[in-house]
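This is start.cif (mmCIF, C-alpha atoms).
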data_query
#
loop_
_atom_site.label_atom_id
_atom_site.label_comp_id
_atom_site.auth_asym_id
_atom_site.auth_seq_id
_atom_site.Cartn_x
_atom_site.Cartn_y
_atom_site.Cartn_z
CA MET A 2 1.00 -25.01 22.36
CA ASP A 3 -1.52 -25.63 25.17
CA GLU A 4 -0.91 -22.20 26.63
CA GLU A 5 -3.08 -19.12 26.99
CA TYR A 6 -2.46 -15.98 24.96
CA GLU A 7 -4.12 -12.58 24.94
CA VAL A 8 -4.14 -12.50 21.13
CA ILE A 9 -3.60 -15.14 18.47
CA VAL A 10 -2.78 -13.77 15.01
CA LEU A 11 -3.49 -16.01 12.01
CA GLY A 12 -1.67 -15.34 8.74
CA THR A 13 1.62 -13.50 8.25
CA GLY A 14 0.42 -10.95 5.69
CA LEU A 15 1.64 -7.36 6.04
CA LYS A 16 -1.39 -6.20 8.00
CA GLU A 17 -1.29 -9.13 10.41
CA CYS A 18 2.47 -8.71 10.99
CA ILE A 19 2.18 -4.99 11.68
CA LEU A 20 -0.64 -5.62 14.20
CA SER A 21 1.23 -8.47 15.82
CA GLY A 22 4.25 -6.16 16.22
CA LEU A 23 2.18 -3.29 17.64
CA LEU A 24 0.39 -5.56 20.13
CA SER A 25 3.67 -7.19 21.22
CA VAL A 26 5.22 -3.77 21.82
CA ASP A 27 2.15 -2.93 23.92
CA GLY A 28 3.10 -5.85 26.16
CA LEU A 29 0.38 -8.31 25.09
CA LYS A 30 1.21 -12.02 24.93
CA VAL A 31 0.89 -12.87 21.22
CA LEU A 32 0.97 -16.16 19.32
CA HIS A 33 1.32 -15.77 15.56
CA MET A 34 0.52 -18.73 13.28
CA ASP A 35 0.37 -19.34 9.54
CA ARG A 36 -0.84 -22.39 7.62
CA ASN A 37 1.89 -21.79 5.01
CA ASP A 38 5.55 -22.66 5.40
CA TYR A 39 6.54 -19.14 4.29
CA TYR A 40 5.94 -15.60 5.54
CA GLY A 41 3.63 -13.10 3.91
CA GLY A 42 0.40 -14.90 2.94
CA GLU A 43 -1.19 -13.00 0.04
CA SER A 44 1.50 -10.33 0.34
CA THR A 45 4.44 -12.71 0.11
CA SER A 46 7.52 -12.18 -2.03
CA LEU A 47 8.50 -14.84 -4.61
CA ASN A 48 11.77 -15.75 -6.27
CA LEU A 49 11.72 -16.43 -10.02
CA ASN A 50 11.14 -20.20 -9.76
CA GLN A 51 8.30 -19.70 -7.27
CA LEU A 52 6.76 -17.08 -9.59
CA TRP A 53 7.09 -19.49 -12.51
CA LYS A 54 5.45 -22.30 -10.57
CA LYS A 55 2.55 -20.06 -9.46
CA PHE A 56 1.72 -18.68 -12.91
CA ARG A 57 3.14 -21.19 -15.38
CA GLY A 58 2.85 -24.43 -13.37
CA GLU A 59 6.45 -25.37 -14.13
CA GLU A 60 9.22 -25.98 -11.60
CA LYS A 61 11.98 -23.88 -13.19
CA ALA A 62 12.12 -20.59 -15.04
CA PRO A 63 14.22 -20.29 -18.23
CA ALA A 64 17.90 -19.60 -17.55
CA HIS A 65 18.09 -16.48 -19.75
CA LEU A 66 16.12 -14.48 -17.13
CA GLY A 67 18.99 -14.82 -14.66
CA SER A 68 19.35 -16.43 -11.24
CA SER A 69 16.06 -17.27 -9.51
CA ARG A 70 17.24 -16.08 -6.12
CA ASP A 71 18.11 -12.62 -7.44
CA TYR A 72 14.36 -12.02 -7.83
CA ASN A 73 12.17 -10.82 -4.94
CA VAL A 74 8.82 -10.26 -6.61
CA ASP A 75 6.26 -8.82 -4.18
CA MET A 76 2.74 -10.09 -4.77
CA MET A 77 1.25 -6.90 -3.25
CA PRO A 78 3.77 -4.24 -4.22
CA LYS A 79 3.10 -0.90 -2.56
CA PHE A 80 5.35 2.11 -2.12
CA MET A 81 5.50 3.95 1.22
CA MET A 82 5.05 7.69 1.58
CA ALA A 83 8.30 8.88 3.19
CA ASN A 84 6.49 10.83 5.93
CA GLY A 85 3.38 8.65 5.85
CA LYS A 86 1.61 6.67 8.54
CA LEU A 87 3.25 3.34 7.71
CA VAL A 88 6.74 4.78 8.20
CA ARG A 89 5.54 6.25 11.51
CA VAL A 90 4.18 2.85 12.55
CA LEU A 91 7.49 1.19 11.62
CA ILE A 92 9.43 3.74 13.67
CA HIS A 93 6.98 3.43 16.59
CA THR A 94 7.71 -0.31 16.80
CA ASP A 95 11.45 0.19 16.15
CA VAL A 96 11.26 -2.42 13.37
CA THR A 97 13.22 0.04 11.17
CA LYS A 98 16.45 -1.32 12.66
CA TYR A 99 15.87 -4.56 10.68
CA LEU A 100 15.12 -2.82 7.36
CA SER A 101 16.93 -0.65 4.82
CA PHE A 102 14.92 1.76 2.69
CA LYS A 103 15.77 3.53 -0.51
CA ALA A 104 13.99 6.45 -2.16
CA VAL A 105 11.84 5.74 -5.23
CA ASP A 106 12.94 7.64 -8.34
CA GLY A 107 9.72 8.75 -9.98
CA SER A 108 6.08 9.64 -9.43
CA TYR A 109 4.11 10.00 -12.67
CA VAL A 110 0.54 10.39 -13.88
CA PHE A 111 -1.21 9.52 -17.16
CA VAL A 112 -3.05 12.60 -18.43
CA LYS A 113 -4.30 13.41 -21.94
CA GLY A 114 -2.72 10.22 -23.33
CA LYS A 115 0.77 10.93 -21.97
CA VAL A 116 2.91 9.92 -18.98
CA GLN A 117 3.96 13.07 -17.11
CA LYS A 118 5.84 13.76 -13.88
CA VAL A 119 3.51 14.68 -11.02
CA PRO A 120 4.19 18.31 -10.04
CA ALA A 121 3.65 18.86 -6.31
CA THR A 122 5.23 22.22 -5.50
CA PRO A 123 4.70 25.73 -6.91
CA MET A 124 8.15 25.48 -8.57
CA GLU A 125 7.38 22.15 -10.26
CA ALA A 126 3.98 23.44 -11.38
CA LEU A 127 5.72 26.21 -13.32
CA LYS A 128 7.92 23.69 -15.16
CA SER A 129 5.25 21.06 -15.79
CA PRO A 130 4.19 20.31 -19.39
CA LEU A 131 0.85 19.13 -17.93
CA MET A 132 -0.50 22.69 -17.97
CA GLY A 133 -0.54 25.80 -20.14
CA ILE A 134 1.03 29.04 -18.89
CA PHE A 135 -2.08 30.50 -17.21
CA GLU A 136 -3.05 27.18 -15.65
CA LYS A 137 0.49 26.88 -14.25
CA ARG A 138 0.04 30.17 -12.42
CA ARG A 139 -3.32 29.13 -11.01
CA ALA A 140 -1.96 25.74 -9.94
CA GLY A 141 1.10 27.42 -8.42
CA LYS A 142 -1.18 29.64 -6.33
CA PHE A 143 -3.19 26.61 -5.20
CA PHE A 144 -0.02 24.68 -4.25
CA SER A 145 1.24 27.72 -2.32
CA TYR A 146 -2.06 27.93 -0.44
CA VAL A 147 -1.82 24.23 0.46
CA GLN A 148 1.83 24.54 1.47
CA ASP A 149 1.17 27.54 3.75
CA TYR A 150 -2.06 26.17 5.25
CA ASP A 151 -1.79 25.69 9.00
CA GLU A 152 -4.87 24.51 10.82
CA LYS A 153 -3.92 26.47 13.96
CA ASP A 154 -3.26 29.75 12.12
CA PRO A 155 -6.47 31.32 10.72
CA LYS A 156 -4.36 33.84 8.73
CA THR A 157 -3.38 30.97 6.39
CA HIS A 158 -7.02 29.90 5.82
CA ASP A 159 -7.84 32.72 3.43
CA GLY A 160 -11.31 32.94 4.98
CA VAL A 161 -12.10 29.33 4.02
CA ASP A 162 -13.21 26.65 6.50
CA LEU A 163 -11.77 23.48 4.95
CA LYS A 164 -13.96 21.28 7.15
CA ARG A 165 -17.07 22.85 5.62
CA VAL A 166 -16.08 23.69 2.05
CA THR A 167 -15.92 20.76 -0.41
CA THR A 168 -12.80 20.03 -2.45
CA LYS A 169 -14.71 21.03 -5.58
CA GLU A 170 -15.64 24.43 -4.08
CA LEU A 171 -12.07 25.07 -2.91
CA ILE A 172 -10.61 24.21 -6.32
CA ALA A 173 -13.23 26.41 -8.06
CA LYS A 174 -11.89 29.35 -6.02
CA PHE A 175 -8.55 28.89 -7.83
CA GLY A 176 -10.17 28.27 -11.24
CA LEU A 177 -8.31 25.02 -12.02
CA ASP A 178 -9.29 22.96 -15.08
CA GLU A 179 -10.52 19.34 -15.21
CA ASN A 180 -7.15 17.71 -15.98
CA THR A 181 -5.41 19.60 -13.17
CA ILE A 182 -8.16 18.58 -10.74
CA ASP A 183 -7.71 15.00 -11.96
CA PHE A 184 -3.98 14.72 -11.36
CA ILE A 185 -4.11 16.60 -8.03
CA GLY A 186 -6.89 14.37 -6.69
CA HIS A 187 -5.52 11.04 -7.90
CA ALA A 188 -1.73 11.40 -8.17
CA VAL A 189 -0.98 13.87 -5.33
CA ALA A 190 -3.81 13.36 -2.82
CA LEU A 191 -3.97 9.66 -3.87
CA HIS A 192 -7.77 9.35 -3.91
CA SER A 193 -8.84 6.26 -5.84
CA ASN A 194 -12.09 7.76 -7.18
CA ASP A 195 -13.79 11.15 -7.49
CA SER A 196 -16.02 11.06 -4.39
CA HIS A 197 -13.52 13.34 -2.57
CA LEU A 198 -14.68 16.27 -4.73
CA HIS A 199 -17.97 16.36 -2.81
CA GLN A 200 -16.43 15.91 0.65
CA PRO A 201 -14.79 18.53 2.92
CA ALA A 202 -11.52 19.76 1.39
CA TYR A 203 -9.54 19.34 4.63
CA ASP A 204 -8.66 15.68 3.93
CA THR A 205 -7.45 16.43 0.38
CA VAL A 206 -5.35 19.41 1.54
CA MET A 207 -3.76 17.28 4.30
CA ARG A 208 -2.97 14.52 1.78
CA MET A 209 -1.38 17.09 -0.56
CA LYS A 210 0.74 18.45 2.31
CA LEU A 211 1.89 14.91 3.15
CA TYR A 212 2.92 14.37 -0.49
CA ALA A 213 4.90 17.63 -0.59
CA GLU A 214 6.57 17.02 2.80
CA SER A 215 7.49 13.46 1.81
CA LEU A 216 8.89 14.71 -1.48
CA ALA A 217 11.05 17.29 0.31
CA ARG A 218 12.37 14.73 2.77
CA PHE A 219 14.82 12.97 0.42
CA GLN A 220 15.04 15.63 -2.30
CA GLY A 221 14.36 12.81 -4.78
CA GLY A 222 11.99 12.57 -7.69
CA SER A 223 9.15 11.08 -5.65
CA PRO A 224 7.68 11.14 -2.15
CA TYR A 225 7.98 7.33 -1.88
CA ILE A 226 10.43 4.92 -0.31
CA TYR A 227 10.70 1.13 -0.63
CA PRO A 228 12.66 -1.49 1.33
CA LEU A 229 15.75 -3.04 -0.27
CA TYR A 230 14.86 -6.63 -1.26
CA GLY A 231 11.17 -5.64 -1.36
CA LEU A 232 8.29 -5.91 1.07
CA GLY A 233 8.97 -9.58 1.81
CA GLU A 234 11.45 -8.22 4.37
CA LEU A 235 8.68 -6.60 6.42
CA PRO A 236 6.89 -9.71 7.80
CA GLN A 237 10.24 -11.23 8.76
CA ALA A 238 11.33 -8.01 10.45
CA PHE A 239 8.11 -8.03 12.48
CA ALA A 240 8.65 -11.70 13.38
CA ARG A 241 12.04 -10.77 14.82
CA LEU A 242 10.53 -7.81 16.65
CA SER A 243 7.75 -9.96 18.11
CA ALA A 244 10.31 -12.47 19.40
CA VAL A 245 12.17 -9.66 21.20
CA TYR A 246 8.94 -8.89 23.08
CA GLY A 247 8.22 -12.53 23.92
CA GLY A 248 5.81 -13.24 21.07
CA THR A 249 5.82 -16.68 19.42
CA TYR A 250 5.75 -17.34 15.64
CA MET A 251 4.74 -20.71 14.19
CA LEU A 252 4.75 -21.36 10.44
CA ASN A 253 3.41 -24.44 8.66
CA LYS A 254 0.47 -24.97 11.06
CA PRO A 255 -2.20 -26.63 8.89
CA GLU A 256 -5.95 -26.47 9.53
CA CYS A 257 -5.94 -23.56 12.00
CA THR A 258 -9.49 -23.75 13.36
CA VAL A 259 -10.89 -20.90 15.45
CA GLU A 260 -12.86 -22.23 18.45
CA PHE A 261 -15.91 -20.44 19.92
CA ASP A 262 -17.95 -20.79 23.14
CA GLU A 263 -21.78 -21.08 23.33
CA GLU A 264 -22.13 -17.29 23.08
CA GLY A 265 -20.07 -17.19 19.88
CA LYS A 266 -17.03 -15.59 21.52
CA VAL A 267 -13.59 -16.82 20.47
CA VAL A 268 -11.85 -19.08 23.02
CA GLY A 269 -8.83 -20.41 21.12
CA VAL A 270 -7.31 -21.86 17.97
CA THR A 271 -6.77 -25.56 17.24
CA SER A 272 -4.10 -26.92 14.92
CA GLU A 273 -2.87 -30.51 14.64
CA GLY A 274 -4.98 -31.61 17.61
CA GLU A 275 -3.64 -28.98 20.04
CA THR A 276 -5.57 -25.92 21.18
CA ALA A 277 -4.04 -22.62 22.22
CA LYS A 278 -6.46 -20.55 24.32
CA CYS A 279 -6.90 -16.85 23.67
CA LYS A 280 -9.15 -13.84 24.29
CA LYS A 281 -8.94 -12.36 20.78
CA VAL A 282 -8.12 -13.51 17.23
CA VAL A 283 -6.66 -11.28 14.49
CA CYS A 284 -6.61 -12.79 10.99
CA ASP A 285 -6.89 -12.31 7.24
CA PRO A 286 -10.20 -13.20 5.52
CA SER A 287 -9.07 -16.71 4.52
CA TYR A 288 -9.08 -17.97 8.13
CA LEU A 289 -12.72 -17.05 8.86
CA PRO A 290 -14.48 -17.28 5.47
CA ASN A 291 -17.97 -17.35 7.05
CA LYS A 292 -17.40 -13.92 8.64
CA VAL A 293 -16.48 -12.01 5.45
CA ARG A 294 -18.16 -10.99 2.20
CA LYS A 295 -16.76 -10.51 -1.29
CA ILE A 296 -16.51 -6.83 -2.27
CA GLY A 297 -14.84 -7.02 -5.65
CA ARG A 298 -11.85 -8.31 -7.56
CA VAL A 299 -8.43 -7.01 -8.53
CA ALA A 300 -6.96 -7.66 -11.98
CA ARG A 301 -3.18 -7.48 -12.23
CA ALA A 302 -0.37 -8.14 -14.66
CA ILE A 303 3.25 -8.81 -13.67
CA ALA A 304 5.94 -8.08 -16.24
CA ILE A 305 9.65 -8.87 -16.32
CA MET A 306 11.46 -6.32 -18.52
CA SER A 307 14.99 -5.40 -19.55
CA HIS A 308 14.49 -1.61 -19.53
CA PRO A 309 12.85 1.12 -17.43
CA ILE A 310 9.31 2.28 -18.27
CA PRO A 311 9.50 4.70 -21.24
CA ASN A 312 8.89 8.43 -20.59
CA THR A 313 9.82 8.15 -16.89
CA ASN A 314 13.30 9.70 -17.21
CA ASP A 315 14.91 6.21 -16.98
CA SER A 316 13.59 5.79 -13.43
CA GLN A 317 14.86 2.58 -11.78
CA SER A 318 11.76 2.64 -9.56
CA VAL A 319 8.54 4.46 -10.35
CA GLN A 320 4.78 4.69 -9.84
CA VAL A 321 2.42 5.80 -12.62
CA ILE A 322 -1.22 6.49 -11.74
CA LEU A 323 -3.82 6.39 -14.53
CA PRO A 324 -6.86 8.29 -13.21
CA GLN A 325 -10.25 6.68 -13.98
CA LYS A 326 -11.51 9.65 -15.98
CA GLN A 327 -8.53 9.50 -18.36
CA LEU A 328 -9.47 5.89 -19.22
CA GLY A 329 -13.27 6.17 -19.07
CA ARG A 330 -13.35 3.72 -16.14
CA LYS A 331 -14.94 3.56 -12.69
CA SER A 332 -11.60 3.14 -10.90
CA ASP A 333 -7.95 4.16 -11.29
CA MET A 334 -5.25 1.94 -12.76
CA TYR A 335 -1.78 1.73 -11.20
CA VAL A 336 1.63 0.92 -12.63
CA PHE A 337 4.45 0.00 -10.24
CA CYS A 338 8.02 -0.64 -11.34
CA CYS A 339 11.09 -1.64 -9.36
CA SER A 340 14.46 -3.08 -10.33
CA TYR A 341 17.92 -4.18 -9.31
CA SER A 342 18.37 -0.74 -7.66
CA HIS A 343 16.12 -2.03 -4.84
CA ASN A 344 17.59 -5.57 -5.10
CA VAL A 345 14.32 -7.11 -6.35
CA ALA A 346 15.75 -8.37 -9.68
CA PRO A 347 19.14 -9.15 -11.25
CA LYS A 348 21.14 -6.28 -12.77
CA GLY A 349 19.48 -4.95 -15.91
CA LYS A 350 16.06 -6.44 -15.09
CA PHE A 351 12.89 -4.59 -14.07
CA ILE A 352 9.69 -5.89 -12.47
CA ALA A 353 6.50 -4.00 -13.38
CA PHE A 354 2.97 -4.45 -12.04
CA VAL A 355 -0.23 -3.12 -13.57
CA SER A 356 -3.29 -3.35 -11.32
CA THR A 357 -6.87 -2.12 -11.11
CA ASP A 358 -10.26 -3.01 -9.67
CA ALA A 359 -11.60 -5.57 -12.15
CA GLU A 360 -14.68 -4.31 -14.00
CA THR A 361 -14.74 -7.28 -16.44
CA ASP A 362 -13.64 -10.94 -16.49
CA ASN A 363 -10.85 -10.27 -18.93
CA PRO A 364 -7.69 -8.88 -17.27
CA GLN A 365 -5.69 -8.94 -20.52
CA THR A 366 -8.02 -6.47 -22.25
CA GLU A 367 -8.80 -4.45 -19.14
CA LEU A 368 -5.17 -3.84 -18.19
CA LYS A 369 -4.10 -2.94 -21.74
CA PRO A 370 -3.88 0.87 -21.14
CA GLY A 371 -1.33 0.24 -18.37
CA ILE A 372 0.55 -2.54 -20.18
CA ASP A 373 0.87 -0.33 -23.27
CA LEU A 374 2.96 2.11 -21.19
CA LEU A 375 5.58 -0.56 -20.37
CA GLY A 376 7.19 -0.99 -23.78
CA PRO A 377 8.58 -4.45 -24.77
CA VAL A 378 8.34 -7.10 -22.02
CA ASP A 379 10.34 -10.34 -21.60
CA GLU A 380 7.55 -12.15 -19.72
CA LEU A 381 3.98 -11.27 -18.76
CA PHE A 382 1.75 -12.97 -16.18
CA PHE A 383 -1.95 -12.26 -15.57
CA ASP A 384 -3.91 -12.78 -12.40
CA ILE A 385 -7.28 -11.89 -10.92
CA TYR A 386 -8.12 -12.26 -7.22
CA ASP A 387 -11.17 -11.69 -5.01
CA ARG A 388 -11.31 -9.02 -2.31
CA TYR A 389 -13.14 -9.57 0.99
CA GLU A 390 -14.12 -7.44 3.95
CA PRO A 391 -15.33 -8.51 7.42
CA VAL A 392 -19.07 -8.54 8.21
CA ASN A 393 -18.79 -9.76 11.82
CA GLU A 394 -19.26 -7.63 14.94
CA PRO A 395 -15.89 -7.76 16.78
CA THR A 396 -17.45 -6.61 20.06
CA LEU A 397 -19.55 -9.80 20.08
CA ASP A 398 -17.08 -12.46 18.85
CA ASN A 399 -13.63 -10.88 19.51
CA CYS A 400 -12.52 -11.67 15.94
CA PHE A 401 -10.65 -8.88 14.15
CA ILE A 402 -10.42 -9.55 10.41
CA SER A 403 -8.43 -7.49 7.91
CA THR A 404 -9.80 -6.40 4.53
CA SER A 405 -8.11 -7.89 1.43
CA TYR A 406 -5.45 -5.79 -0.31
CA ASP A 407 -6.73 -3.40 -2.97
CA ALA A 408 -5.31 -2.46 -6.37
CA THR A 409 -3.38 0.63 -5.21
CA THR A 410 0.42 0.64 -5.45
CA HIS A 411 0.92 2.82 -2.36
CA PHE A 412 0.24 2.02 1.29
CA ASP A 413 -2.41 4.62 2.03
CA THR A 414 -5.48 2.36 2.36
CA THR A 415 -3.57 -0.56 3.93
CA VAL A 416 -2.42 1.55 6.89
CA VAL A 417 -5.88 3.01 7.45
CA ASP A 418 -7.20 -0.56 7.86
CA VAL A 419 -4.38 -1.48 10.28
CA LEU A 420 -4.92 1.62 12.46
CA ASN A 421 -8.69 1.06 12.57
CA MET A 422 -8.15 -2.57 13.59
CA TYR A 423 -5.63 -1.52 16.24
CA LYS A 424 -8.20 0.84 17.75
CA LEU A 425 -10.90 -1.87 17.73
CA ILE A 426 -8.57 -4.41 19.37
CA THR A 427 -7.06 -2.15 22.04
CA GLY A 428 -9.69 0.56 22.46
CA LYS A 429 -7.08 3.30 21.96
CA GLU A 430 -5.59 5.37 19.15
CA LEU A 431 -2.02 4.57 18.16
CA ASP A 432 0.36 7.40 19.01
CA LEU A 433 2.10 8.27 15.73
CA SER A 434 4.10 11.26 16.97
CA VAL A 435 7.58 9.89 16.31
CA ASP A 436 10.94 11.22 15.16
CA LEU A 437 10.82 10.60 11.42
CA ASN A 438 14.60 10.77 11.14
CA ALA A 439 14.78 7.32 12.72
CA ALA A 440 14.02 5.81 9.30
CA SER A 441 16.38 7.82 7.18
CA ALA A 442 19.82 6.39 7.93
CA ALA A 443 19.73 3.78 5.19
CA GLU A 444 18.12 5.75 2.42
CA GLU A 445 21.15 6.08 0.18
#
Would you encode the structure as structure tokens?
Amino acid sequence: MDEEYEVIVLGTGLKECILSGLLSVDGLKVLHMDRNDYYGGESTSLNLNQLWKKFRGEEKAPAHLGSSRDYNVDMMPKFMMANGKLVRVLIHTDVTKYLSFKAVDGSYVFVKGKVQKVPATPMEALKSPLMGIFEKRRAGKFFSYVQDYDEKDPKTHDGVDLKRVTTKELIAKFGLDENTIDFIGHAVALHSNDSHLHQPAYDTVMRMKLYAESLARFQGGSPYIYPLYGLGELPQAFARLSAVYGGTYMLNKPECTVEFDEEGKVVGVTSEGETAKCKKVVCDPSYLPNKVRKIGRVARAIAIMSHPIPNTNDSQSVQVILPQKQLGRKSDMYVFCCSYSHNVAPKGKFIAFVSTDAETDNPQTELKPGIDLLGPVDELFFDIYDRYEPVNEPTLDNCFISTSYDATTHFDTTVVDVLNMYKLITGKELDLSVDLNAASAAEE
């Protein structure tokens, strides 16, 4: 352990593993440590007995729920956009050869008290019960505009500069109503609040294009994909990747203490009396608690069920977004469901998550709108956790700290954090121009 490394990564959460993989591929000498004896940190995946121990304090789950090892319950479940940045990052590092993905069946939104399929193309808009006949036409025109928009071809801009015009102004041009604006902003463009309405429309249009392109990629019912056996496979895949590039992984290293010189710059990490020297440290907030601040809390419920979520066309895997405005809240609520079709539960069992930014101290009451959509549940667990973000200046101390995972059930915000950290650590942008077909072999 008394060696020198360019980077030491602490914690094997998703963000830390992705960064460790990217830096290893770049040729940096990386040591990756975790105080736990399992991969994944906050974003680990639990079998049924581990889940039972965490939430019920008992060693074994009841036998009627099936075999413990048939469960892979992700603590931070998030779907990936098929053409999104995370998939590009995975292809860039070639970690896709260790993973198998499968398309997610459904993408739904809660509008006017009902769960409805998210329409994302002009054709779907015409069929959608979300809108009346005239609104369908207007929405169809807007989707066509978005689909045809090409930044390099002014003929497709319709005289509008999307970097100047706000989303609200662009949408007004097409005369769309409040509910349509709501589902487009939250369930297609995946914004988590309404601030995007007052920002340049370019970002929202690009997000809508990504949704439509991802949807077209597998001709499925959603733009999302998810690894077989859940996200717990990702950290382990990155550990294998890192080893190929000469990186070292060490689990079960208690008391990882970051060491600093007189100027406050990081010089190494000590565990069990041995110090590994390094130039930079990458970690989750729990390893440097005096360099982060609390920014909120996430309330979540985990349900084990024996049926798919009602009104989702019997989807074996599905995301339902409940926009804030529909619930009279400050932030969106998310429902995630996966099942034996992705090998995360025994046959006939479904795992559902309901999550949101906590606005009260009572997750049971707060999460009720989402839980009510699930139908009868076999078991229900509640949890509330704190979120942190870094307050240090990485240029002064060479510590690069990730932000805690948010309530969303898709990877959008997680990847943005990873790419920003990568740029801070290396001083360069990550090249994401990859052949997307490299991740499609195992879809079905």
Can you list, as a CSV table (one decimal) with C-alpha atoms, keeping the file's coordinate frame, the residues that the PyMOL selection byres ((chain A and resi 285-301) around 8) selects here?
chain,number,residue,atom,x,y,z
A,11,LEU,CA,-3.5,-16.0,12.0
A,12,GLY,CA,-1.7,-15.3,8.7
A,14,GLY,CA,0.4,-11.0,5.7
A,17,GLU,CA,-1.3,-9.1,10.4
A,257,CYS,CA,-5.9,-23.6,12.0
A,258,THR,CA,-9.5,-23.8,13.4
A,259,VAL,CA,-10.9,-20.9,15.4
A,283,VAL,CA,-6.7,-11.3,14.5
A,284,CYS,CA,-6.6,-12.8,11.0
A,302,ALA,CA,-0.4,-8.1,-14.7
A,303,ILE,CA,3.2,-8.8,-13.7
A,354,PHE,CA,3.0,-4.4,-12.0
A,355,VAL,CA,-0.2,-3.1,-13.6
A,356,SER,CA,-3.3,-3.4,-11.3
A,357,THR,CA,-6.9,-2.1,-11.1
A,358,ASP,CA,-10.3,-3.0,-9.7
A,359,ALA,CA,-11.6,-5.6,-12.2
A,364,PRO,CA,-7.7,-8.9,-17.3
A,368,LEU,CA,-5.2,-3.8,-18.2
A,383,PHE,CA,-2.0,-12.3,-15.6
A,384,ASP,CA,-3.9,-12.8,-12.4
A,385,ILE,CA,-7.3,-11.9,-10.9
A,386,TYR,CA,-8.1,-12.3,-7.2
A,387,ASP,CA,-11.2,-11.7,-5.0
A,388,ARG,CA,-11.3,-9.0,-2.3
A,389,TYR,CA,-13.1,-9.6,1.0
A,390,GLU,CA,-14.1,-7.4,4.0
A,391,PRO,CA,-15.3,-8.5,7.4
A,392,VAL,CA,-19.1,-8.5,8.2
A,393,ASN,CA,-18.8,-9.8,11.8
A,402,ILE,CA,-10.4,-9.6,10.4
A,403,SER,CA,-8.4,-7.5,7.9
A,404,THR,CA,-9.8,-6.4,4.5
A,405,SER,CA,-8.1,-7.9,1.4
A,407,ASP,CA,-6.7,-3.4,-3.0
A,408,ALA,CA,-5.3,-2.5,-6.4
Give me the range 45-104 of chain A side of the contact with range 25-41 of chain A, cut-off 10 Å, one line per residue showing its nearest atom pair and distance in Å at one decimal, counting all atoms listed in the file, sorted by chain and residue number, as a tab-separated table.
residue	atom	partner	partner_atom	distance
A:Thr45	CA	A:Gly41	CA	3.9
A:Ser46	CA	A:Gly41	CA	7.2
A:Leu47	CA	A:Gly41	CA	10.0
A:Asp75	CA	A:Gly41	CA	9.5
A:Met76	CA	A:Gly41	CA	9.2
A:Met77	CA	A:Gly41	CA	9.8
A:His93	CA	A:Val26	CA	9.1
A:Thr94	CA	A:Val26	CA	6.6
A:Asp95	CA	A:Val26	CA	9.3
- [ ] Might you pull out every residue within 10 Å of Asp333 in chain A, with only C-alpha atoms counted and same-chain residues fewer than 6 positions away left off, and present them as a ChimeraX atom specification?
- [x] /A:187,192-195,322-327,356-358,408-409
Take the residues from that selection and write them out as a CSV table (one decimal), in the frame of the given file, keeping C-alpha atoms.
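selection-v1.csv, freshly written:
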chain,number,residue,atom,x,y,z
A,187,HIS,CA,-5.5,11.0,-7.9
A,192,HIS,CA,-7.8,9.4,-3.9
A,193,SER,CA,-8.8,6.3,-5.8
A,194,ASN,CA,-12.1,7.8,-7.2
A,195,ASP,CA,-13.8,11.2,-7.5
A,322,ILE,CA,-1.2,6.5,-11.7
A,323,LEU,CA,-3.8,6.4,-14.5
A,324,PRO,CA,-6.9,8.3,-13.2
A,325,GLN,CA,-10.2,6.7,-14.0
A,326,LYS,CA,-11.5,9.6,-16.0
A,327,GLN,CA,-8.5,9.5,-18.4
A,356,SER,CA,-3.3,-3.4,-11.3
A,357,THR,CA,-6.9,-2.1,-11.1
A,358,ASP,CA,-10.3,-3.0,-9.7
A,408,ALA,CA,-5.3,-2.5,-6.4
A,409,THR,CA,-3.4,0.6,-5.2
Open item on the list: For a quick check of understanding, using all atoms listed in the file, which of A:Lys98, A:Lys61, A:Lys103, A:Arg139 has the smallest distance to Gly221 in chain A?
Closed with: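 Smallest distance to Gly221 in chain A is found for A:Lys103.
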- [ ] Using the chain letters and residue numbers of this document, give as a PyMOL selection string the residues selected by the PyMOL selection byres ((chain A and resi 343) around 9).
- [x] chain A and resi 102-103+105+227-231+317-318+339-342+344-346
Residues of the last selection are to be written out with C-alpha atoms, as a PDB file, in the frame of the given file.
ATOM      1  CA  PHE A 102      14.920   1.760   2.690  1.00  0.00           C
ATOM      2  CA  LYS A 103      15.770   3.530  -0.510  1.00  0.00           C
ATOM      3  CA  VAL A 105      11.840   5.740  -5.230  1.00  0.00           C
ATOM      4  CA  TYR A 227      10.700   1.130  -0.630  1.00  0.00           C
ATOM      5  CA  PRO A 228      12.660  -1.490   1.330  1.00  0.00           C
ATOM      6  CA  LEU A 229      15.750  -3.040  -0.270  1.00  0.00           C
ATOM      7  CA  TYR A 230      14.860  -6.630  -1.260  1.00  0.00           C
ATOM      8  CA  GLY A 231      11.170  -5.640  -1.360  1.00  0.00           C
ATOM      9  CA  GLN A 317      14.860   2.580 -11.780  1.00  0.00           C
ATOM     10  CA  SER A 318      11.760   2.640  -9.560  1.00  0.00           C
ATOM     11  CA  CYS A 339      11.090  -1.640  -9.360  1.00  0.00           C
ATOM     12  CA  SER A 340      14.460  -3.080 -10.330  1.00  0.00           C
ATOM     13  CA  TYR A 341      17.920  -4.180  -9.310  1.00  0.00           C
ATOM     14  CA  SER A 342      18.370  -0.740  -7.660  1.00  0.00           C
ATOM     15  CA  ASN A 344      17.590  -5.570  -5.100  1.00  0.00           C
ATOM     16  CA  VAL A 345      14.320  -7.110  -6.350  1.00  0.00           C
ATOM     17  CA  ALA A 346      15.750  -8.370  -9.680  1.00  0.00           C
TER      18      ALA A 346
END
